[in-house]
file target.cif (mmCIF, N, CA and C atoms)
data_query
loop_
_atom_site.label_atom_id
_atom_site.label_comp_id
_atom_site.auth_asym_id
_atom_site.auth_seq_id
_atom_site.Cartn_x
_atom_site.Cartn_y
_atom_site.Cartn_z
N MET A 284 83.32 85.23 97.75
CA MET A 284 84.75 85.01 97.71
C MET A 284 85.42 85.88 98.78
N ILE A 285 86.39 85.33 99.46
CA ILE A 285 87.17 86.07 100.45
C ILE A 285 88.60 86.16 99.96
N GLU A 286 89.13 87.37 99.95
CA GLU A 286 90.52 87.62 99.56
C GLU A 286 91.23 88.30 100.71
N GLU A 287 92.53 88.11 100.77
CA GLU A 287 93.35 88.76 101.79
C GLU A 287 94.28 89.77 101.15
N ILE A 288 94.35 90.92 101.79
CA ILE A 288 95.34 91.95 101.43
C ILE A 288 95.96 92.37 102.76
N GLY A 289 97.23 92.07 102.91
CA GLY A 289 97.87 92.36 104.19
C GLY A 289 97.13 91.65 105.31
N LYS A 290 96.70 92.42 106.31
CA LYS A 290 95.98 91.87 107.45
C LYS A 290 94.47 91.81 107.23
N LEU A 291 94.01 92.35 106.12
CA LEU A 291 92.58 92.44 105.88
C LEU A 291 92.05 91.20 105.17
N LYS A 292 90.83 90.83 105.55
CA LYS A 292 90.08 89.79 104.85
C LYS A 292 88.90 90.51 104.20
N ILE A 293 88.85 90.45 102.88
CA ILE A 293 87.83 91.17 102.14
C ILE A 293 86.81 90.16 101.62
N GLU A 294 85.57 90.31 102.10
CA GLU A 294 84.50 89.38 101.74
C GLU A 294 83.70 89.91 100.57
N ASN A 295 83.04 88.99 99.87
CA ASN A 295 82.14 89.35 98.76
C ASN A 295 82.81 90.30 97.78
N CYS A 296 83.94 89.87 97.28
CA CYS A 296 84.71 90.70 96.37
C CYS A 296 85.05 89.93 95.10
N ILE A 297 85.59 90.64 94.15
CA ILE A 297 86.01 90.02 92.91
C ILE A 297 87.44 90.48 92.58
N VAL A 298 88.28 89.53 92.17
CA VAL A 298 89.64 89.86 91.75
C VAL A 298 89.54 90.33 90.30
N LEU A 299 89.89 91.58 90.06
CA LEU A 299 89.83 92.14 88.72
C LEU A 299 91.10 91.83 87.92
N TYR A 300 92.22 91.70 88.63
CA TYR A 300 93.51 91.49 87.96
C TYR A 300 94.53 91.05 88.99
N GLN A 301 95.41 90.15 88.57
CA GLN A 301 96.54 89.77 89.41
C GLN A 301 97.72 89.42 88.51
N SER A 302 98.89 89.92 88.89
CA SER A 302 100.14 89.61 88.19
C SER A 302 101.20 89.32 89.24
N LYS A 303 102.42 89.16 88.82
CA LYS A 303 103.49 88.95 89.80
C LYS A 303 103.82 90.24 90.55
N TYR A 304 103.27 91.37 90.08
CA TYR A 304 103.55 92.66 90.71
C TYR A 304 102.40 93.23 91.54
N SER A 305 101.17 92.87 91.20
CA SER A 305 100.04 93.51 91.87
C SER A 305 98.79 92.64 91.84
N LYS A 306 97.84 93.05 92.68
CA LYS A 306 96.52 92.43 92.70
C LYS A 306 95.52 93.56 92.93
N HIS A 307 94.43 93.55 92.16
CA HIS A 307 93.39 94.56 92.30
C HIS A 307 92.06 93.85 92.52
N ILE A 308 91.40 94.21 93.62
CA ILE A 308 90.17 93.57 94.07
C ILE A 308 89.10 94.64 94.23
N TYR A 309 87.87 94.31 93.85
CA TYR A 309 86.76 95.25 94.02
C TYR A 309 85.69 94.65 94.92
N GLN A 310 85.23 95.47 95.87
CA GLN A 310 84.15 95.08 96.77
C GLN A 310 82.99 96.04 96.52
N SER A 311 81.97 95.57 95.84
CA SER A 311 80.87 96.44 95.43
C SER A 311 80.07 96.99 96.61
N SER A 312 79.95 96.23 97.69
CA SER A 312 79.15 96.69 98.83
C SER A 312 79.73 97.93 99.49
N THR A 313 81.03 98.13 99.38
CA THR A 313 81.69 99.31 99.97
C THR A 313 82.19 100.29 98.91
N GLU A 314 82.13 99.88 97.65
CA GLU A 314 82.64 100.66 96.52
C GLU A 314 84.15 100.95 96.67
N ILE A 315 84.87 99.99 97.28
CA ILE A 315 86.31 100.15 97.47
C ILE A 315 87.06 99.29 96.46
N LEU A 316 88.02 99.91 95.79
CA LEU A 316 88.98 99.20 94.96
C LEU A 316 90.22 99.01 95.81
N TYR A 317 90.58 97.76 96.05
CA TYR A 317 91.77 97.42 96.82
C TYR A 317 92.90 97.10 95.85
N SER A 318 94.01 97.79 95.99
CA SER A 318 95.19 97.52 95.17
C SER A 318 96.33 97.16 96.09
N ASP A 319 97.00 96.07 95.78
CA ASP A 319 98.11 95.58 96.59
C ASP A 319 99.31 95.38 95.67
N TRP A 320 100.45 95.87 96.09
CA TRP A 320 101.68 95.78 95.31
C TRP A 320 102.65 94.85 96.01
N PHE A 321 103.29 93.98 95.24
CA PHE A 321 104.13 92.92 95.80
C PHE A 321 105.62 93.30 95.77
N ILE A 322 106.37 92.61 96.59
CA ILE A 322 107.81 92.85 96.70
C ILE A 322 108.55 92.65 95.38
N SER A 323 107.96 91.88 94.48
CA SER A 323 108.57 91.66 93.16
C SER A 323 108.68 92.95 92.35
N THR A 324 108.00 94.02 92.76
CA THR A 324 108.13 95.30 92.05
C THR A 324 109.56 95.82 92.09
N GLU A 325 110.35 95.31 93.01
CA GLU A 325 111.76 95.71 93.10
C GLU A 325 112.49 95.39 91.79
N ASN A 326 112.10 94.32 91.11
CA ASN A 326 112.75 93.89 89.88
C ASN A 326 111.97 94.26 88.62
N MET A 327 110.97 95.08 88.77
CA MET A 327 110.14 95.48 87.64
C MET A 327 110.94 96.41 86.71
N GLN A 328 110.77 96.21 85.42
CA GLN A 328 111.39 97.07 84.41
C GLN A 328 110.43 98.23 84.09
N ALA A 329 110.96 99.29 83.51
CA ALA A 329 110.15 100.47 83.19
C ALA A 329 108.94 100.11 82.33
N GLU A 330 109.13 99.25 81.34
CA GLU A 330 108.02 98.86 80.47
C GLU A 330 106.93 98.13 81.26
N GLU A 331 107.36 97.32 82.22
CA GLU A 331 106.41 96.59 83.05
C GLU A 331 105.66 97.55 83.97
N PHE A 332 106.36 98.57 84.47
CA PHE A 332 105.71 99.59 85.30
C PHE A 332 104.60 100.27 84.50
N ILE A 333 104.92 100.67 83.29
CA ILE A 333 103.94 101.33 82.43
C ILE A 333 102.74 100.41 82.19
N GLN A 334 103.02 99.15 81.90
CA GLN A 334 101.94 98.19 81.68
C GLN A 334 101.07 98.04 82.93
N GLU A 335 101.68 97.94 84.10
CA GLU A 335 100.91 97.79 85.35
C GLU A 335 100.03 99.01 85.60
N MET A 336 100.54 100.21 85.32
CA MET A 336 99.74 101.43 85.52
C MET A 336 98.57 101.47 84.53
N GLU A 337 98.82 101.07 83.29
CA GLU A 337 97.74 101.05 82.29
C GLU A 337 96.67 100.02 82.67
N VAL A 338 97.10 98.88 83.18
CA VAL A 338 96.14 97.87 83.63
C VAL A 338 95.36 98.40 84.83
N TRP A 339 96.03 99.09 85.74
CA TRP A 339 95.36 99.66 86.92
C TRP A 339 94.24 100.61 86.48
N LEU A 340 94.53 101.42 85.49
CA LEU A 340 93.49 102.31 84.97
C LEU A 340 92.33 101.49 84.39
N LYS A 341 92.63 100.48 83.61
CA LYS A 341 91.58 99.66 82.99
C LYS A 341 90.72 98.96 84.04
N VAL A 342 91.34 98.38 85.07
CA VAL A 342 90.53 97.69 86.09
C VAL A 342 89.71 98.70 86.89
N SER A 343 90.24 99.88 87.11
CA SER A 343 89.47 100.89 87.84
C SER A 343 88.27 101.35 87.02
N GLN A 344 88.37 101.30 85.70
CA GLN A 344 87.25 101.67 84.84
C GLN A 344 86.19 100.56 84.79
N GLN A 345 86.56 99.34 85.16
CA GLN A 345 85.63 98.20 85.13
C GLN A 345 84.63 98.23 86.27
N CYS A 346 84.94 98.93 87.33
CA CYS A 346 84.08 98.90 88.50
C CYS A 346 83.62 100.31 88.85
N LYS A 347 82.60 100.40 89.65
CA LYS A 347 82.06 101.69 90.08
C LYS A 347 82.64 102.02 91.46
N PHE A 348 83.95 102.21 91.50
CA PHE A 348 84.57 102.47 92.79
C PHE A 348 84.49 103.95 93.16
N THR A 349 84.40 104.18 94.44
CA THR A 349 84.36 105.54 94.97
C THR A 349 85.57 105.78 95.87
N TYR A 350 86.15 104.68 96.38
CA TYR A 350 87.26 104.76 97.32
C TYR A 350 88.39 103.84 96.86
N LEU A 351 89.62 104.26 97.13
CA LEU A 351 90.78 103.48 96.73
C LEU A 351 91.65 103.18 97.95
N PHE A 352 91.91 101.90 98.16
CA PHE A 352 92.81 101.40 99.20
C PHE A 352 94.04 100.89 98.47
N ASP A 353 95.15 101.63 98.56
CA ASP A 353 96.36 101.34 97.80
C ASP A 353 97.47 100.92 98.76
N ARG A 354 97.67 99.61 98.85
CA ARG A 354 98.67 99.06 99.79
C ARG A 354 100.04 99.00 99.11
N CYS A 355 100.90 99.95 99.48
CA CYS A 355 102.22 100.09 98.86
C CYS A 355 103.35 99.67 99.80
N ILE A 356 103.03 98.91 100.81
CA ILE A 356 104.04 98.50 101.79
C ILE A 356 105.20 97.77 101.11
N ASN A 357 104.90 96.98 100.08
CA ASN A 357 105.94 96.21 99.39
C ASN A 357 106.28 96.76 98.01
N PHE A 358 105.82 97.96 97.70
CA PHE A 358 106.13 98.57 96.41
C PHE A 358 107.55 99.09 96.46
N LEU A 359 108.45 98.47 95.69
CA LEU A 359 109.87 98.81 95.76
C LEU A 359 110.43 99.39 94.47
N TYR A 360 109.64 99.47 93.44
CA TYR A 360 110.10 100.06 92.18
C TYR A 360 110.33 101.56 92.39
N ILE A 361 111.43 102.07 91.90
CA ILE A 361 111.72 103.50 92.01
C ILE A 361 111.12 104.20 90.79
N ILE A 362 110.15 105.06 91.04
CA ILE A 362 109.45 105.76 89.97
C ILE A 362 110.25 107.00 89.59
N SER A 363 110.67 107.08 88.35
CA SER A 363 111.47 108.22 87.88
C SER A 363 110.61 109.48 87.81
N PRO A 364 111.22 110.66 87.80
CA PRO A 364 110.43 111.90 87.67
C PRO A 364 109.54 111.92 86.42
N ASP A 365 110.04 111.44 85.29
CA ASP A 365 109.21 111.39 84.07
C ASP A 365 108.04 110.44 84.25
N GLU A 366 108.29 109.30 84.90
CA GLU A 366 107.22 108.33 85.15
C GLU A 366 106.19 108.90 86.13
N GLN A 367 106.65 109.70 87.09
CA GLN A 367 105.73 110.32 88.04
C GLN A 367 104.74 111.23 87.33
N LEU A 368 105.25 112.05 86.44
CA LEU A 368 104.39 112.96 85.69
C LEU A 368 103.44 112.19 84.78
N TRP A 369 103.96 111.19 84.08
CA TRP A 369 103.14 110.36 83.20
C TRP A 369 102.03 109.67 83.99
N MET A 370 102.39 109.11 85.15
CA MET A 370 101.43 108.39 85.99
C MET A 370 100.32 109.33 86.48
N ALA A 371 100.71 110.53 86.90
CA ALA A 371 99.72 111.50 87.37
C ALA A 371 98.73 111.84 86.26
N ASN A 372 99.25 112.06 85.05
CA ASN A 372 98.37 112.39 83.93
C ASN A 372 97.49 111.21 83.53
N LEU A 373 98.01 110.01 83.62
CA LEU A 373 97.24 108.82 83.26
C LEU A 373 96.13 108.54 84.27
N LEU A 374 96.49 108.46 85.54
CA LEU A 374 95.56 108.00 86.56
C LEU A 374 94.74 109.11 87.21
N ASN A 375 95.38 110.17 87.64
CA ASN A 375 94.69 111.17 88.43
C ASN A 375 93.52 111.80 87.68
N ARG A 376 93.76 112.24 86.48
CA ARG A 376 92.70 112.89 85.70
C ARG A 376 91.51 111.93 85.51
N ALA A 377 91.80 110.68 85.18
CA ALA A 377 90.73 109.69 84.97
C ALA A 377 89.97 109.43 86.27
N TRP A 378 90.71 109.28 87.37
CA TRP A 378 90.03 108.98 88.64
C TRP A 378 89.18 110.15 89.12
N VAL A 379 89.63 111.37 88.91
CA VAL A 379 88.80 112.53 89.25
C VAL A 379 87.52 112.50 88.42
N GLU A 380 87.66 112.24 87.12
CA GLU A 380 86.48 112.19 86.24
C GLU A 380 85.54 111.05 86.61
N MET A 381 86.09 109.94 87.13
CA MET A 381 85.26 108.80 87.54
C MET A 381 84.58 109.03 88.89
N GLY A 382 84.98 110.08 89.61
CA GLY A 382 84.32 110.40 90.87
C GLY A 382 84.96 109.82 92.11
N LEU A 383 86.25 109.48 92.04
CA LEU A 383 86.94 108.98 93.23
C LEU A 383 86.82 110.01 94.35
N LYS A 384 86.45 109.57 95.54
CA LYS A 384 86.23 110.47 96.67
C LYS A 384 87.38 110.48 97.68
N LYS A 385 88.00 109.31 97.91
CA LYS A 385 89.07 109.21 98.91
C LYS A 385 90.10 108.19 98.46
N TYR A 386 91.36 108.49 98.73
CA TYR A 386 92.48 107.61 98.35
C TYR A 386 93.29 107.34 99.62
N ALA A 387 93.24 106.12 100.12
CA ALA A 387 94.03 105.72 101.29
C ALA A 387 95.30 105.04 100.79
N HIS A 388 96.42 105.60 101.14
CA HIS A 388 97.74 105.12 100.70
C HIS A 388 98.43 104.48 101.90
N ILE A 389 98.62 103.16 101.85
CA ILE A 389 99.20 102.43 102.98
C ILE A 389 100.69 102.26 102.71
N VAL A 390 101.49 102.78 103.65
CA VAL A 390 102.94 102.81 103.47
C VAL A 390 103.62 102.08 104.63
N PRO A 391 104.88 101.67 104.42
CA PRO A 391 105.62 101.04 105.51
C PRO A 391 105.92 102.05 106.61
N ALA A 392 106.08 101.55 107.80
CA ALA A 392 106.35 102.43 108.94
C ALA A 392 107.59 103.28 108.71
N GLU A 393 108.61 102.71 108.11
CA GLU A 393 109.83 103.48 107.87
C GLU A 393 109.69 104.48 106.74
N PHE A 394 108.71 104.28 105.84
CA PHE A 394 108.31 105.25 104.85
C PHE A 394 109.33 105.53 103.75
N ILE A 395 110.58 105.15 103.91
CA ILE A 395 111.64 105.51 102.97
C ILE A 395 111.40 104.89 101.60
N SER A 396 111.00 103.65 101.53
CA SER A 396 110.85 102.98 100.24
C SER A 396 109.74 103.59 99.39
N SER A 397 108.87 104.38 99.98
CA SER A 397 107.77 104.95 99.22
C SER A 397 108.01 106.41 98.85
N LEU A 398 109.25 106.88 98.95
CA LEU A 398 109.56 108.28 98.65
C LEU A 398 109.12 108.65 97.24
N SER A 399 109.45 107.85 96.23
CA SER A 399 109.06 108.21 94.87
C SER A 399 107.54 108.18 94.70
N VAL A 400 106.86 107.31 95.44
CA VAL A 400 105.41 107.28 95.38
C VAL A 400 104.85 108.58 95.97
N GLU A 401 105.43 109.07 97.05
CA GLU A 401 105.01 110.34 97.64
C GLU A 401 105.20 111.49 96.65
N GLN A 402 106.28 111.45 95.89
CA GLN A 402 106.51 112.49 94.90
C GLN A 402 105.43 112.48 93.83
N VAL A 403 104.92 111.30 93.49
CA VAL A 403 103.83 111.20 92.52
C VAL A 403 102.62 111.97 93.02
N PHE A 404 102.31 111.85 94.29
CA PHE A 404 101.13 112.54 94.81
C PHE A 404 101.29 114.04 94.71
N GLY A 405 102.52 114.54 94.80
CA GLY A 405 102.77 115.96 94.55
C GLY A 405 102.35 116.33 93.14
N GLU A 406 102.67 115.45 92.19
CA GLU A 406 102.26 115.66 90.80
C GLU A 406 100.74 115.66 90.68
N TYR A 407 100.07 114.76 91.39
CA TYR A 407 98.61 114.69 91.35
C TYR A 407 98.02 116.02 91.82
N LEU A 408 98.47 116.47 92.98
CA LEU A 408 97.90 117.67 93.57
C LEU A 408 98.27 118.92 92.80
N ASP A 409 99.45 118.93 92.18
CA ASP A 409 99.88 120.07 91.36
C ASP A 409 98.99 120.27 90.13
N MET A 410 98.26 119.25 89.74
CA MET A 410 97.37 119.38 88.59
C MET A 410 96.19 120.31 88.90
N LYS A 411 95.88 120.50 90.18
CA LYS A 411 94.82 121.40 90.64
C LYS A 411 93.50 121.17 89.89
N LEU A 412 93.12 119.91 89.79
CA LEU A 412 91.87 119.55 89.12
C LEU A 412 90.67 119.84 90.02
N PRO A 413 89.56 120.29 89.43
CA PRO A 413 88.35 120.43 90.24
C PRO A 413 87.95 119.05 90.77
N ASN A 414 87.43 119.00 91.96
CA ASN A 414 86.98 117.76 92.60
C ASN A 414 88.12 116.79 92.90
N GLN A 415 89.33 117.32 93.08
CA GLN A 415 90.47 116.47 93.45
C GLN A 415 90.17 115.77 94.77
N TYR A 416 90.36 114.48 94.82
CA TYR A 416 90.11 113.68 96.01
C TYR A 416 91.28 113.82 96.99
N PRO A 417 91.02 113.66 98.29
CA PRO A 417 92.12 113.68 99.26
C PRO A 417 92.91 112.38 99.22
N ILE A 418 94.21 112.49 99.43
CA ILE A 418 95.11 111.33 99.49
C ILE A 418 95.75 111.37 100.87
N ILE A 419 95.50 110.34 101.66
CA ILE A 419 96.02 110.30 103.04
C ILE A 419 96.90 109.06 103.19
N ASP A 420 98.07 109.24 103.82
CA ASP A 420 98.97 108.13 104.12
C ASP A 420 98.58 107.47 105.43
N PHE A 421 98.64 106.14 105.43
CA PHE A 421 98.37 105.36 106.63
C PHE A 421 99.43 104.28 106.78
N VAL A 422 99.77 103.96 108.02
CA VAL A 422 100.61 102.81 108.32
C VAL A 422 99.70 101.64 108.67
N ASP A 423 98.63 101.91 109.37
CA ASP A 423 97.70 100.88 109.83
C ASP A 423 96.57 100.69 108.81
N GLU A 424 96.40 99.47 108.34
CA GLU A 424 95.39 99.17 107.33
C GLU A 424 93.97 99.39 107.84
N GLU A 425 93.73 99.02 109.10
CA GLU A 425 92.38 99.21 109.68
C GLU A 425 92.03 100.69 109.78
N ASP A 426 93.00 101.53 110.13
CA ASP A 426 92.75 102.98 110.18
C ASP A 426 92.38 103.50 108.79
N ALA A 427 93.04 102.97 107.77
CA ALA A 427 92.74 103.38 106.40
C ALA A 427 91.31 103.02 106.02
N ILE A 428 90.89 101.81 106.35
CA ILE A 428 89.52 101.38 106.05
C ILE A 428 88.51 102.23 106.81
N THR A 429 88.78 102.50 108.08
CA THR A 429 87.88 103.35 108.87
C THR A 429 87.72 104.72 108.22
N TRP A 430 88.82 105.30 107.77
CA TRP A 430 88.77 106.62 107.13
C TRP A 430 88.00 106.54 105.81
N LEU A 431 88.25 105.52 105.00
CA LEU A 431 87.55 105.39 103.72
C LEU A 431 86.04 105.29 103.92
N LYS A 432 85.62 104.59 104.96
CA LYS A 432 84.21 104.36 105.19
C LYS A 432 83.54 105.50 105.96
N SER A 433 84.31 106.46 106.45
CA SER A 433 83.71 107.56 107.24
C SER A 433 83.12 108.65 106.37
#

call {"tool": "encode", "arguments": {"input": "target.cif", "output": "structure tokens"}}
result
Amino acid sequence: MIEEIGKLKIENCIVLYQSKYSKHIYQSSTEILYSDWFISTENMQAEEFIQEMEVWLKVSQQCKFTYLFDRCINFLYIISPDEQLWMANLLNRAWVEMGLKKYAHIVPAEFISSLSVEQVFGEYLDMKLPNQYPIIDFVDEEDAITWLKS
């Protein structure tokens, strides 16, 4: 199966979940979990945000991923400070325990719409967990893939 995320064509992959807000794809040959967020996140309600994050955790537990490609170019939901802390506790601790090695965060060139997402990463790093994975921002999707595979 071939799936597209942004400019990338991902071969030999499986769609783990898709909603009007996101799509999560796993490619076992590279151990990359690809997450893509859609422009419809602009109209997402808080309850839907919580549900999407819980589903993201569940799909990440379904696969043996080592790397995360998180395309947030169209992520427009504003994450509140309380949601940031909740999200960090939900996802970061689990992903560290699962052995995530690298997190590539793809953001728009103007970067402004992802400000609340950037604040979440501060919450992740403030947890000071052993084996915390690096989180790097990228504008170019190919650069992100190159870094994940290096």

call {"tool": "residues_around", "arguments": {"input": "target.cif", "residues": "segment 284-296 of chain A", "least_positions_apart": "6", "cutoff": "8 Å", "atoms": "all atoms listed in the file", "output": "list in words"}}
result
Ile308, Tyr309, Gln310, Ser311, Ser312, Tyr317, Ser318, Asp319, Arg354, Glu424 and Glu425 of chain A

call {"tool": "closest_residue", "arguments": {"input": "target.cif", "among": "A:Asp353, A:Tyr407, A:Trp339, A:Glu380", "to": "Gln367 of chain A", "atoms": "only N, CA and C atoms"}}
result
A:Tyr407

call {"tool": "residues_around", "arguments": {"input": "target.cif", "residues": "Thr349 of chain A", "least_positions_apart": "2", "cutoff": "10 Å", "atoms": "only C-alpha atoms", "output": "PyMOL selection string"}}
result
chain A and resi 311+313-316+343+346-347+351+378+381-386+431

call {"tool": "write_last_selection", "arguments": {"input": "target.cif", "atoms": "N, CA and C atoms", "output": "PDB file, in the coordinates of the input"}}
result
ATOM      1  N   SER A 311      81.970  95.570  95.840  1.00  0.00           N
ATOM      2  CA  SER A 311      80.870  96.440  95.430  1.00  0.00           C
ATOM      3  C   SER A 311      80.070  96.990  96.610  1.00  0.00           C
ATOM      4  N   THR A 313      81.030  98.130  99.380  1.00  0.00           N
ATOM      5  CA  THR A 313      81.690  99.310  99.970  1.00  0.00           C
ATOM      6  C   THR A 313      82.190 100.290  98.910  1.00  0.00           C
ATOM      7  N   GLU A 314      82.130  99.880  97.650  1.00  0.00           N
ATOM      8  CA  GLU A 314      82.640 100.660  96.520  1.00  0.00           C
ATOM      9  C   GLU A 314      84.150 100.950  96.670  1.00  0.00           C
ATOM     10  N   ILE A 315      84.870  99.990  97.280  1.00  0.00           N
ATOM     11  CA  ILE A 315      86.310 100.150  97.470  1.00  0.00           C
ATOM     12  C   ILE A 315      87.060  99.290  96.460  1.00  0.00           C
ATOM     13  N   LEU A 316      88.020  99.910  95.790  1.00  0.00           N
ATOM     14  CA  LEU A 316      88.980  99.200  94.960  1.00  0.00           C
ATOM     15  C   LEU A 316      90.220  99.010  95.810  1.00  0.00           C
ATOM     16  N   SER A 343      90.240  99.880  87.110  1.00  0.00           N
ATOM     17  CA  SER A 343      89.470 100.890  87.840  1.00  0.00           C
ATOM     18  C   SER A 343      88.270 101.350  87.020  1.00  0.00           C
ATOM     19  N   CYS A 346      84.940  98.930  87.330  1.00  0.00           N
ATOM     20  CA  CYS A 346      84.080  98.900  88.500  1.00  0.00           C
ATOM     21  C   CYS A 346      83.620 100.310  88.850  1.00  0.00           C
ATOM     22  N   LYS A 347      82.600 100.400  89.650  1.00  0.00           N
ATOM     23  CA  LYS A 347      82.060 101.690  90.080  1.00  0.00           C
ATOM     24  C   LYS A 347      82.640 102.020  91.460  1.00  0.00           C
ATOM     25  N   LEU A 351      89.620 104.260  97.130  1.00  0.00           N
ATOM     26  CA  LEU A 351      90.780 103.480  96.730  1.00  0.00           C
ATOM     27  C   LEU A 351      91.650 103.180  97.950  1.00  0.00           C
ATOM     28  N   TRP A 378      90.710 109.280  87.370  1.00  0.00           N
ATOM     29  CA  TRP A 378      90.030 108.980  88.640  1.00  0.00           C
ATOM     30  C   TRP A 378      89.180 110.150  89.120  1.00  0.00           C
ATOM     31  N   MET A 381      86.090 109.940  87.130  1.00  0.00           N
ATOM     32  CA  MET A 381      85.260 108.800  87.540  1.00  0.00           C
ATOM     33  C   MET A 381      84.580 109.030  88.890  1.00  0.00           C
ATOM     34  N   GLY A 382      84.980 110.080  89.610  1.00  0.00           N
ATOM     35  CA  GLY A 382      84.320 110.400  90.870  1.00  0.00           C
ATOM     36  C   GLY A 382      84.960 109.820  92.110  1.00  0.00           C
ATOM     37  N   LEU A 383      86.250 109.480  92.040  1.00  0.00           N
ATOM     38  CA  LEU A 383      86.940 108.980  93.230  1.00  0.00           C
ATOM     39  C   LEU A 383      86.820 110.010  94.350  1.00  0.00           C
ATOM     40  N   LYS A 384      86.450 109.570  95.540  1.00  0.00           N
ATOM     41  CA  LYS A 384      86.230 110.470  96.670  1.00  0.00           C
ATOM     42  C   LYS A 384      87.380 110.480  97.680  1.00  0.00           C
ATOM     43  N   LYS A 385      88.000 109.310  97.910  1.00  0.00           N
ATOM     44  CA  LYS A 385      89.070 109.210  98.910  1.00  0.00           C
ATOM     45  C   LYS A 385      90.100 108.190  98.460  1.00  0.00           C
ATOM     46  N   TYR A 386      91.360 108.490  98.730  1.00  0.00           N
ATOM     47  CA  TYR A 386      92.480 107.610  98.350  1.00  0.00           C
ATOM     48  C   TYR A 386      93.290 107.340  99.620  1.00  0.00           C
ATOM     49  N   LEU A 431      88.250 105.520 105.000  1.00  0.00           N
ATOM     50  CA  LEU A 431      87.550 105.390 103.720  1.00  0.00           C
ATOM     51  C   LEU A 431      86.040 105.290 103.920  1.00  0.00           C
TER      52      LEU A 431
END

call {"tool": "select_by_dssp", "arguments": {"input": "target.cif", "residues": "segment 331-362 of chain A", "states": "helix (DSSP H, G or I)", "output": "PyMOL selection string"}}
result
chain A and resi 331-345

call {"tool": "closest_residue", "arguments": {"input": "target.cif", "among": "A:Glu325, A:Glu330, A:Glu335, A:Glu366", "to": "Gln301 of chain A", "atoms": "only C-alpha atoms"}}
result
A:Glu335

call {"tool": "resolve_selection", "arguments": {"input": "target.cif", "expression": "the PyMOL selection byres (((chain A and resi 388 and name CA) around 6) and name CA)", "output": "short mmCIF file (atom, residue, chain, number, x, y, z; two decimals) with N, CA and C atoms, in the coordinates of the input"}}
result
data_model
loop_
_atom_site.label_atom_id
_atom_site.label_comp_id
_atom_site.auth_asym_id
_atom_site.auth_seq_id
_atom_site.Cartn_x
_atom_site.Cartn_y
_atom_site.Cartn_z
N ASP A 353 95.15 101.63 98.56
CA ASP A 353 96.36 101.34 97.80
C ASP A 353 97.47 100.92 98.76
N ALA A 387 93.24 106.12 100.12
CA ALA A 387 94.03 105.72 101.29
C ALA A 387 95.30 105.04 100.79
N ILE A 389 98.62 103.16 101.85
CA ILE A 389 99.20 102.43 102.98
C ILE A 389 100.69 102.26 102.71
N ILE A 419 95.50 110.34 101.66
CA ILE A 419 96.02 110.30 103.04
C ILE A 419 96.90 109.06 103.19
N ASP A 420 98.07 109.24 103.82
CA ASP A 420 98.97 108.13 104.12
C ASP A 420 98.58 107.47 105.43
N PHE A 421 98.64 106.14 105.43
CA PHE A 421 98.37 105.36 106.63
C PHE A 421 99.43 104.28 106.78
#

call {"tool": "select_by_dssp", "arguments": {"input": "target.cif", "residues": "chain A", "states": "strand (DSSP E or B)", "output": "VMD selection string"}}
result
chain A and resid 285 to 288 291 to 294 297 to 301 305 to 310 315 to 320 350 to 354 385 to 389 418 to 421

call {"tool": "atom_distance", "arguments": {"input": "target.cif", "atom1": "atom N of Phe404 of chain A", "atom2": "atom N of Ile297 of chain A"}}
result
27.0 Å

call {"tool": "closest_residue", "arguments": {"input": "target.cif", "among": "A:Val390, A:Met336, A:Met410, A:Ala377", "to": "Cys355 of chain A", "atoms": "only N, CA and C atoms"}}
result
A:Val390

call {"tool": "residues_around", "arguments": {"input": "target.cif", "residues": "Val342 of chain A", "least_positions_apart": "4", "cutoff": "8 Å", "atoms": "only C-alpha atoms", "output": "PDB file with N, CA and C atoms, keeping the file's coordinate frame"}}
result
ATOM      1  N   LEU A 299      89.890  91.580  90.060  1.00  0.00           N
ATOM      2  CA  LEU A 299      89.830  92.140  88.720  1.00  0.00           C
ATOM      3  C   LEU A 299      91.100  91.830  87.920  1.00  0.00           C
ATOM      4  N   TYR A 300      92.220  91.700  88.630  1.00  0.00           N
ATOM      5  CA  TYR A 300      93.510  91.490  87.960  1.00  0.00           C
ATOM      6  C   TYR A 300      94.530  91.050  88.990  1.00  0.00           C
ATOM      7  N   HIS A 307      94.430  93.550  92.160  1.00  0.00           N
ATOM      8  CA  HIS A 307      93.390  94.560  92.300  1.00  0.00           C
ATOM      9  C   HIS A 307      92.060  93.850  92.520  1.00  0.00           C
ATOM     10  N   VAL A 338      97.100  98.880  83.180  1.00  0.00           N
ATOM     11  CA  VAL A 338      96.140  97.870  83.630  1.00  0.00           C
ATOM     12  C   VAL A 338      95.360  98.400  84.830  1.00  0.00           C
ATOM     13  N   CYS A 346      84.940  98.930  87.330  1.00  0.00           N
ATOM     14  CA  CYS A 346      84.080  98.900  88.500  1.00  0.00           C
ATOM     15  C   CYS A 346      83.620 100.310  88.850  1.00  0.00           C
TER      16      CYS A 346
END

call {"tool": "residues_around", "arguments": {"input": "target.cif", "residues": "Met370 of chain A", "least_positions_apart": "4", "cutoff": "8 Å", "atoms": "only N, CA and C atoms", "output": "number ranges by chain"}}
result
A: 336, 364-366, 374-376, 403, 406-407

call {"tool": "atom_distance", "arguments": {"input": "target.cif", "atom1": "atom N of Glu337 of chain A", "atom2": "atom CA of Leu412 of chain A"}}
result
20.6 Å

call {"tool": "resolve_selection", "arguments": {"input": "target.cif", "expression": "the PyMOL selection byres (((chain A and resi 356 and name CA) around 9) and name CA)", "output": "count of residues only"}}
result
17
